[in-house]
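Read through the structure below, which is laid out as structure tokens, and then see the notes.
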Amino acid sequence: PGLVAAVCIGRIQCSRGGPRRRDECARWGYPALHGFGLIGYLFGMGLRELFAPAAVWGRDPSFFSVRIEDPVSEGFLRASSSVPPEVMTIRPLLGRDHLRIDSVRRANSAWLNPWDATLPEGAVEELPTLWEYMRRADRDQRQGHSLILMPEFDGEPVGQFTLSQVQWGAMSQGILGYWVAQEAAHMGVASLVVAYMMDLVIGELGLHRIEVNVRPENERSLGLCRKLGLREEGYRVRYMNIAGQWADHVSFAMDAESLPQGGMIASVYGQSLR
């Protein structure tokens, strides 16, 4: 099993008489990236948003971005059998990045499918097209309702980390889900990006609480949450539909009062990213 949290935002499988795998979802729910789908996207968002996306949470996307030279030697990643990246970046996923990450997600479908959220049998919801999803995701990021971060190795995407269902006001919280490509697994990518998300969103942007829900079978993600010091809040029976079945989850959270002084990155890695 990969290091994948239970929530894979925007990648819900089809369910018409049972879950369909991603290749079938692609056939029915995600049109070819040309023709009227592209035209509709361009009319809906405009060329500027596709090639130079607007602000994220009212800020320039560069505010959310970090670049790490030689992340293995610097102690942010573990060495693996593959060639270590010379540069790792973490930045918002916007515009045409959705096409790139969709390609990576499809290439890793066998690795990730067992952990994918699915529509339960009999669900009345309809999957958005890829273009509809792109428009919605970028709009939600502009409005501060979600934040999607994309780690890259030498310019190539290796995962997606989505803070969704962001509420402000009295609730002031969001739910974090993520996945990591198989080629980048077991290197500590998820630990680093989750810690960065906590520092960024709670420590700098002022959201009070972030929740992470993990299947009890996903030992690596359970270990990640405990390593980072997230508070274990309880066991949720049949919390989410995963791979066609209602699955139990263990709930973890971090809030402003529990965030280590100086930030989670400094606490875990002994140095800062920003």
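In the structure tokens, each chain is lettered A, B, ... as it comes, each chain's residues begin at 1, and ligands are numbered from 1 in order of appearance.
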
I need the residues in region 22-187 of chain A that are strand (DSSP E) according to DSSP; give them as a PyMOL selection string. chain A and resi 66-69+87-92+147-153+156-157+159-167+173-180

From a DSSP calculation on the backbone, collect every residue of region 59-266 of chain A in alpha helix (DSSP H) and output the set as a PyMOL selection string. chain A and resi 97-107+109-112+130-142+189-198+219-227+264-266

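Take CA of Ala170 (chain A) and CA of Ser146 (chain A): the distance between them is 17.2 Å.
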
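Interatomic distance, CA of Pro216 (chain A) to CA of Ala117 (chain A): 14.9 Å.
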
For region 64-147 of chain A versus region 238-259 of chain A, which residues have an atom no more than 7 Å away, and what is each residue's nearest atom pair and distance in Å rounded to one decimal, using only C-alpha atoms, chain-then-number order, as JSON lines?
```
{"residue": "A:Asn113", "atom": "CA", "partner": "A:Ala243", "partner_atom": "CA", "distance": 6.9}
{"residue": "A:Pro114", "atom": "CA", "partner": "A:Ala243", "partner_atom": "CA", "distance": 5.7}
{"residue": "A:Trp115", "atom": "CA", "partner": "A:Ile242", "partner_atom": "CA", "distance": 6.2}
{"residue": "A:Asp116", "atom": "CA", "partner": "A:Ile242", "partner_atom": "CA", "distance": 5.6}
{"residue": "A:Ala117", "atom": "CA", "partner": "A:Ile242", "partner_atom": "CA", "distance": 4.4}
{"residue": "A:Thr118", "atom": "CA", "partner": "A:Ile242", "partner_atom": "CA", "distance": 5.4}
{"residue": "A:Leu119", "atom": "CA", "partner": "A:Asn241", "partner_atom": "CA", "distance": 6.7}
{"residue": "A:Pro120", "atom": "CA", "partner": "A:Asn241", "partner_atom": "CA", "distance": 6.1}
```

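Here CA of Arg105 (chain A) and CA of Val214 (chain A) stand 19.6 Å from one another.
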
Excluding same-chain residues fewer than 2 positions from region 271-273 of chain A, what lies within 8 Å of it counting only C-alpha atoms, as a VMD selection string? chain A and resid 66 68 265 to 267 269

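Minimum atom-to-atom distances from A:Leu224, A:Ala184, A:Ile101, A:Ala195 to Ser82 (chain A) were compared using only C-alpha atoms, and the lowest value belongs to A:Ala184.
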
Might you pull out every residue within 12 Å of Ala107 (chain A), with only C-alpha atoms counted and same-chain residues fewer than 4 positions away left off, and present them as a ChimeraX atom specification? /A:22-23,100-103,111-113,157-159,180-183

Written selection (C-alpha atoms) as a PDB file, in the first residue's frame:
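Saved the output as result-v3.pdb:
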```
ATOM      1  CA  ARG A  22     -10.166   5.123 -13.222  1.00  0.00           C
ATOM      2  CA  ASP A  23      -9.816   4.083 -16.836  1.00  0.00           C
ATOM      3  CA  ARG A 100       0.122  17.238 -15.397  1.00  0.00           C
ATOM      4  CA  ILE A 101      -1.019  15.828 -12.071  1.00  0.00           C
ATOM      5  CA  ASP A 102      -3.887  13.973 -13.738  1.00  0.00           C
ATOM      6  CA  SER A 103      -1.345  12.198 -15.938  1.00  0.00           C
ATOM      7  CA  TRP A 111      -0.783   1.884  -6.726  1.00  0.00           C
ATOM      8  CA  LEU A 112      -3.517   4.228  -5.510  1.00  0.00           C
ATOM      9  CA  ASN A 113      -6.849   2.579  -6.407  1.00  0.00           C
ATOM     10  CA  PRO A 157       4.961  16.220  -9.977  1.00  0.00           C
ATOM     11  CA  VAL A 158       5.138  13.427  -7.390  1.00  0.00           C
ATOM     12  CA  GLY A 159       1.915  13.903  -5.428  1.00  0.00           C
ATOM     13  CA  VAL A 180       2.219  10.310  -3.255  1.00  0.00           C
ATOM     14  CA  ALA A 181       3.399   8.677  -6.490  1.00  0.00           C
ATOM     15  CA  GLN A 182       4.980   5.257  -6.141  1.00  0.00           C
ATOM     16  CA  GLU A 183       8.355   6.481  -7.386  1.00  0.00           C
TER      17      GLU A 183
END
```

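For the residues A:Val83, A:Leu205, A:Leu94, A:Val268, ranking by smallest atom-to-atom distance to Gly188 (chain A) using only C-alpha atoms places A:Val268 first.
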
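Proximity of A:Asn213, A:Gln160, A:Asn218, A:Ser65 to Ile175 (chain A), computed with only C-alpha atoms, is greatest for A:Asn213.
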
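The nearest approach to Pro92 (chain A) among the residues A:Tyr196, A:Tyr133, A:Phe153, A:Phe63, with only C-alpha atoms taken into account, belongs to A:Phe63.
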
Find the residues near Val201 (chain A): any atom within 10 Å, counting only C-alpha atoms, skip ones fewer than 6 places away on the same chain, and give them as a PyMOL selection string. chain A and resi 64+147+163+173-174+207-210+256

What would the file look like if the residues just selected were written as an mmCIF file, in the first residue's frame with N, CA, C and O atoms?
```cif
data_model
loop_
_atom_site.group_PDB
_atom_site.id
_atom_site.type_symbol
_atom_site.label_atom_id
_atom_site.label_comp_id
_atom_site.auth_asym_id
_atom_site.auth_seq_id
_atom_site.Cartn_x
_atom_site.Cartn_y
_atom_site.Cartn_z
ATOM 1 N N PHE A 64 3.167 30.743 -1.324
ATOM 2 C CA PHE A 64 2.985 29.390 -0.814
ATOM 3 C C PHE A 64 4.105 28.447 -1.239
ATOM 4 O O PHE A 64 4.103 27.282 -0.840
ATOM 5 N N LEU A 147 -6.957 24.520 -0.591
ATOM 6 C CA LEU A 147 -5.560 24.778 -0.962
ATOM 7 C C LEU A 147 -4.966 23.462 -1.426
ATOM 8 O O LEU A 147 -5.012 22.467 -0.698
ATOM 9 N N LEU A 163 -6.091 20.503 0.943
ATOM 10 C CA LEU A 163 -6.848 20.964 2.094
ATOM 11 C C LEU A 163 -8.200 21.421 1.571
ATOM 12 O O LEU A 163 -8.298 22.401 0.832
ATOM 13 N N GLN A 173 -11.654 25.638 10.155
ATOM 14 C CA GLN A 173 -10.984 24.353 10.013
ATOM 15 C C GLN A 173 -11.035 23.867 8.572
ATOM 16 O O GLN A 173 -11.756 24.401 7.737
ATOM 17 N N GLY A 174 -10.241 22.832 8.267
ATOM 18 C CA GLY A 174 -10.251 22.180 6.969
ATOM 19 C C GLY A 174 -9.838 20.731 7.129
ATOM 20 O O GLY A 174 -9.355 20.311 8.194
ATOM 21 N N LEU A 207 -5.767 29.722 9.991
ATOM 22 C CA LEU A 207 -6.829 28.725 10.182
ATOM 23 C C LEU A 207 -6.588 28.031 11.519
ATOM 24 O O LEU A 207 -5.441 27.750 11.880
ATOM 25 N N HIS A 208 -7.648 27.731 12.251
ATOM 26 C CA HIS A 208 -7.458 27.213 13.606
ATOM 27 C C HIS A 208 -7.124 25.731 13.649
ATOM 28 O O HIS A 208 -6.301 25.304 14.477
ATOM 29 N N ARG A 209 -7.700 24.921 12.739
ATOM 30 C CA ARG A 209 -7.606 23.466 12.906
ATOM 31 C C ARG A 209 -7.575 22.754 11.563
ATOM 32 O O ARG A 209 -8.277 23.137 10.632
ATOM 33 N N ILE A 210 -6.751 21.708 11.463
ATOM 34 C CA ILE A 210 -6.713 20.844 10.285
ATOM 35 C C ILE A 210 -6.890 19.400 10.738
ATOM 36 O O ILE A 210 -6.235 18.939 11.676
ATOM 37 N N ALA A 256 -4.144 25.397 16.407
ATOM 38 C CA ALA A 256 -3.176 26.460 16.675
ATOM 39 C C ALA A 256 -2.539 26.318 18.055
ATOM 40 O O ALA A 256 -1.342 26.596 18.230
#
```

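Residue nearest Gln141 (chain A) within the list A:Arg220, A:Arg274, A:Lys227, A:Arg59: A:Arg59 [criterion: smallest interatomic distance, only C-alpha atoms].
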
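Residue nearest Met264 (chain A) within the list A:Val166, A:Met134, A:Met197, A:Met150: A:Met197 [criterion: smallest interatomic distance, only C-alpha atoms].
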
Identify, on the basis of only C-alpha atoms, every residue whose closest approach to Arg78 (chain A) does not exceed 7 Å; exclude the query and any residue fewer than 2 positions from it along the same chain; express the result as a PyMOL selection string. chain A and resi 72+80+187-188

Put those residues in a file: all heavy atoms, as a short mmCIF file (atom, residue, chain, number, x, y, z; two decimals), in the first residue's frame.
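The result, written out as part-v3.cif:
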```
data_model
loop_
_atom_site.label_atom_id
_atom_site.label_comp_id
_atom_site.auth_asym_id
_atom_site.auth_seq_id
_atom_site.Cartn_x
_atom_site.Cartn_y
_atom_site.Cartn_z
N VAL A 72 17.77 15.54 0.10
CA VAL A 72 18.26 14.37 0.86
C VAL A 72 19.42 14.79 1.74
O VAL A 72 19.44 14.52 2.95
CB VAL A 72 18.64 13.23 -0.09
CG1 VAL A 72 19.31 12.10 0.69
CG2 VAL A 72 17.41 12.70 -0.83
N SER A 80 16.61 6.80 -1.35
CA SER A 80 15.90 5.61 -1.82
C SER A 80 16.73 4.96 -2.91
O SER A 80 17.83 5.42 -3.25
CB SER A 80 14.51 5.98 -2.35
OG SER A 80 14.62 6.66 -3.58
N MET A 187 10.17 8.02 1.01
CA MET A 187 11.26 9.00 1.10
C MET A 187 10.96 10.11 2.10
O MET A 187 11.80 10.96 2.36
CB MET A 187 11.54 9.62 -0.27
CG MET A 187 12.02 8.63 -1.31
SD MET A 187 12.37 9.43 -2.92
CE MET A 187 13.77 10.46 -2.51
N GLY A 188 9.75 10.12 2.65
CA GLY A 188 9.38 11.16 3.60
C GLY A 188 8.72 12.37 2.97
O GLY A 188 8.60 13.42 3.62
#
```

If we count only C-alpha atoms, what is near Ala55 (chain A) at a cut-off of 10 Å, once residues fewer than 3 positions away on the same chain are taken out, given as an mmCIF file with all heavy atoms, in the first residue's frame?
```
data_model
loop_
_atom_site.group_PDB
_atom_site.id
_atom_site.type_symbol
_atom_site.label_atom_id
_atom_site.label_comp_id
_atom_site.auth_asym_id
_atom_site.auth_seq_id
_atom_site.Cartn_x
_atom_site.Cartn_y
_atom_site.Cartn_z
ATOM 1 N N GLU A 49 -6.189 32.698 -16.590
ATOM 2 C CA GLU A 49 -6.225 31.735 -15.494
ATOM 3 C C GLU A 49 -5.557 30.420 -15.858
ATOM 4 O O GLU A 49 -5.009 29.736 -15.003
ATOM 5 C CB GLU A 49 -7.674 31.482 -15.068
ATOM 6 C CG GLU A 49 -8.289 32.600 -14.257
ATOM 7 C CD GLU A 49 -8.785 33.743 -15.111
ATOM 8 O OE1 GLU A 49 -8.672 33.640 -16.351
ATOM 9 O OE2 GLU A 49 -9.288 34.733 -14.554
ATOM 10 N N ALA A 52 -1.596 31.763 -16.371
ATOM 11 C CA ALA A 52 -1.070 32.561 -15.269
ATOM 12 C C ALA A 52 -2.178 32.705 -14.229
ATOM 13 O O ALA A 52 -2.848 33.730 -14.169
ATOM 14 C CB ALA A 52 -0.605 33.929 -15.767
ATOM 15 N N GLY A 58 -6.079 35.165 -1.834
ATOM 16 C CA GLY A 58 -5.797 36.588 -1.888
ATOM 17 C C GLY A 58 -4.325 36.940 -1.973
ATOM 18 O O GLY A 58 -3.961 38.120 -1.854
ATOM 19 N N ARG A 59 -3.467 35.953 -2.208
ATOM 20 C CA ARG A 59 -2.023 36.184 -2.268
ATOM 21 C C ARG A 59 -1.468 35.644 -3.582
ATOM 22 O O ARG A 59 -2.060 34.787 -4.226
ATOM 23 C CB ARG A 59 -1.307 35.494 -1.098
ATOM 24 C CG ARG A 59 -1.732 36.000 0.270
ATOM 25 C CD ARG A 59 -1.128 35.138 1.368
ATOM 26 N NE ARG A 59 -1.546 35.559 2.700
ATOM 27 C CZ ARG A 59 -0.841 36.355 3.502
ATOM 28 N NH1 ARG A 59 0.341 36.809 3.089
ATOM 29 N NH2 ARG A 59 -1.302 36.687 4.687
ATOM 30 N N ASP A 60 -0.286 36.148 -3.951
ATOM 31 C CA ASP A 60 0.405 35.605 -5.105
ATOM 32 C C ASP A 60 0.786 34.154 -4.813
ATOM 33 O O ASP A 60 1.203 33.827 -3.692
ATOM 34 C CB ASP A 60 1.661 36.429 -5.401
ATOM 35 C CG ASP A 60 2.308 36.036 -6.710
ATOM 36 O OD1 ASP A 60 3.070 35.041 -6.717
ATOM 37 O OD2 ASP A 60 2.065 36.712 -7.716
ATOM 38 N N PRO A 61 0.642 33.242 -5.806
ATOM 39 C CA PRO A 61 0.986 31.836 -5.559
ATOM 40 C C PRO A 61 2.413 31.625 -5.041
ATOM 41 O O PRO A 61 2.662 30.636 -4.341
ATOM 42 C CB PRO A 61 0.794 31.191 -6.938
ATOM 43 C CG PRO A 61 -0.241 32.035 -7.603
ATOM 44 C CD PRO A 61 0.034 33.439 -7.141
ATOM 45 N N SER A 62 3.313 32.537 -5.351
ATOM 46 C CA SER A 62 4.696 32.376 -4.897
ATOM 47 C C SER A 62 4.812 32.420 -3.375
ATOM 48 O O SER A 62 5.771 31.885 -2.803
ATOM 49 C CB SER A 62 5.591 33.459 -5.505
ATOM 50 O OG SER A 62 5.168 34.747 -5.097
ATOM 51 N N PHE A 63 3.843 33.033 -2.711
ATOM 52 C CA PHE A 63 3.861 33.076 -1.238
ATOM 53 C C PHE A 63 3.840 31.670 -0.658
ATOM 54 O O PHE A 63 4.419 31.415 0.402
ATOM 55 C CB PHE A 63 2.656 33.876 -0.729
ATOM 56 C CG PHE A 63 2.467 33.803 0.756
ATOM 57 C CD1 PHE A 63 3.182 34.624 1.607
ATOM 58 C CD2 PHE A 63 1.572 32.886 1.318
ATOM 59 C CE1 PHE A 63 3.014 34.547 2.989
ATOM 60 C CE2 PHE A 63 1.402 32.799 2.692
ATOM 61 C CZ PHE A 63 2.119 33.641 3.532
ATOM 62 N N LEU A 94 -2.249 24.697 -9.845
ATOM 63 C CA LEU A 94 -3.175 25.628 -10.490
ATOM 64 C C LEU A 94 -3.142 25.467 -12.001
ATOM 65 O O LEU A 94 -2.142 25.033 -12.575
ATOM 66 C CB LEU A 94 -2.789 27.078 -10.152
ATOM 67 C CG LEU A 94 -2.924 27.534 -8.706
ATOM 68 C CD1 LEU A 94 -2.088 28.779 -8.465
ATOM 69 C CD2 LEU A 94 -4.379 27.787 -8.360
ATOM 70 N N ASP A 138 -9.605 25.729 -8.956
ATOM 71 C CA ASP A 138 -8.909 27.011 -8.975
ATOM 72 C C ASP A 138 -9.766 28.117 -8.372
ATOM 73 O O ASP A 138 -9.260 29.009 -7.680
ATOM 74 C CB ASP A 138 -8.500 27.369 -10.405
ATOM 75 C CG ASP A 138 -7.341 26.517 -10.906
ATOM 76 O OD1 ASP A 138 -6.839 25.690 -10.122
ATOM 77 O OD2 ASP A 138 -6.936 26.695 -12.066
ATOM 78 N N ARG A 139 -11.077 28.066 -8.622
ATOM 79 C CA ARG A 139 -11.975 29.051 -8.011
ATOM 80 C C ARG A 139 -11.956 28.925 -6.489
ATOM 81 O O ARG A 139 -11.880 29.927 -5.762
ATOM 82 C CB ARG A 139 -13.393 28.845 -8.536
ATOM 83 C CG ARG A 139 -14.427 29.821 -7.939
ATOM 84 C CD ARG A 139 -15.833 29.314 -8.199
ATOM 85 N NE ARG A 139 -16.073 28.052 -7.518
ATOM 86 C CZ ARG A 139 -16.893 27.101 -7.968
ATOM 87 N NH1 ARG A 139 -17.532 27.249 -9.121
ATOM 88 N NH2 ARG A 139 -17.066 25.987 -7.277
ATOM 89 N N GLN A 141 -9.621 27.811 -4.604
ATOM 90 C CA GLN A 141 -8.352 28.301 -4.066
ATOM 91 C C GLN A 141 -8.295 29.824 -4.071
ATOM 92 O O GLN A 141 -7.758 30.436 -3.139
ATOM 93 C CB GLN A 141 -7.186 27.712 -4.855
ATOM 94 C CG GLN A 141 -7.014 26.215 -4.651
ATOM 95 C CD GLN A 141 -5.684 25.713 -5.127
ATOM 96 O OE1 GLN A 141 -4.697 25.728 -4.401
ATOM 97 N NE2 GLN A 141 -5.630 25.283 -6.385
ATOM 98 N N ARG A 142 -8.836 30.446 -5.111
ATOM 99 C CA ARG A 142 -8.873 31.903 -5.128
ATOM 100 C C ARG A 142 -9.699 32.442 -3.957
ATOM 101 O O ARG A 142 -9.353 33.454 -3.359
ATOM 102 C CB ARG A 142 -9.475 32.406 -6.446
ATOM 103 C CG ARG A 142 -8.589 32.252 -7.646
ATOM 104 C CD ARG A 142 -9.071 33.108 -8.812
ATOM 105 N NE ARG A 142 -10.438 32.795 -9.199
ATOM 106 C CZ ARG A 142 -10.785 31.839 -10.061
ATOM 107 N NH1 ARG A 142 -9.842 31.078 -10.611
ATOM 108 N NH2 ARG A 142 -12.048 31.625 -10.377
ATOM 109 N N GLN A 143 -10.794 31.746 -3.642
ATOM 110 C CA GLN A 143 -11.729 32.219 -2.625
ATOM 111 C C GLN A 143 -11.381 31.760 -1.208
ATOM 112 O O GLN A 143 -12.089 32.107 -0.257
ATOM 113 C CB GLN A 143 -13.140 31.761 -2.994
ATOM 114 C CG GLN A 143 -13.647 32.360 -4.304
ATOM 115 C CD GLN A 143 -15.000 31.816 -4.722
ATOM 116 O OE1 GLN A 143 -15.510 30.856 -4.126
ATOM 117 N NE2 GLN A 143 -15.597 32.414 -5.735
ATOM 118 N N GLY A 144 -10.310 30.983 -1.054
ATOM 119 C CA GLY A 144 -9.903 30.537 0.274
ATOM 120 C C GLY A 144 -10.702 29.384 0.823
ATOM 121 O O GLY A 144 -10.742 29.160 2.044
#
```
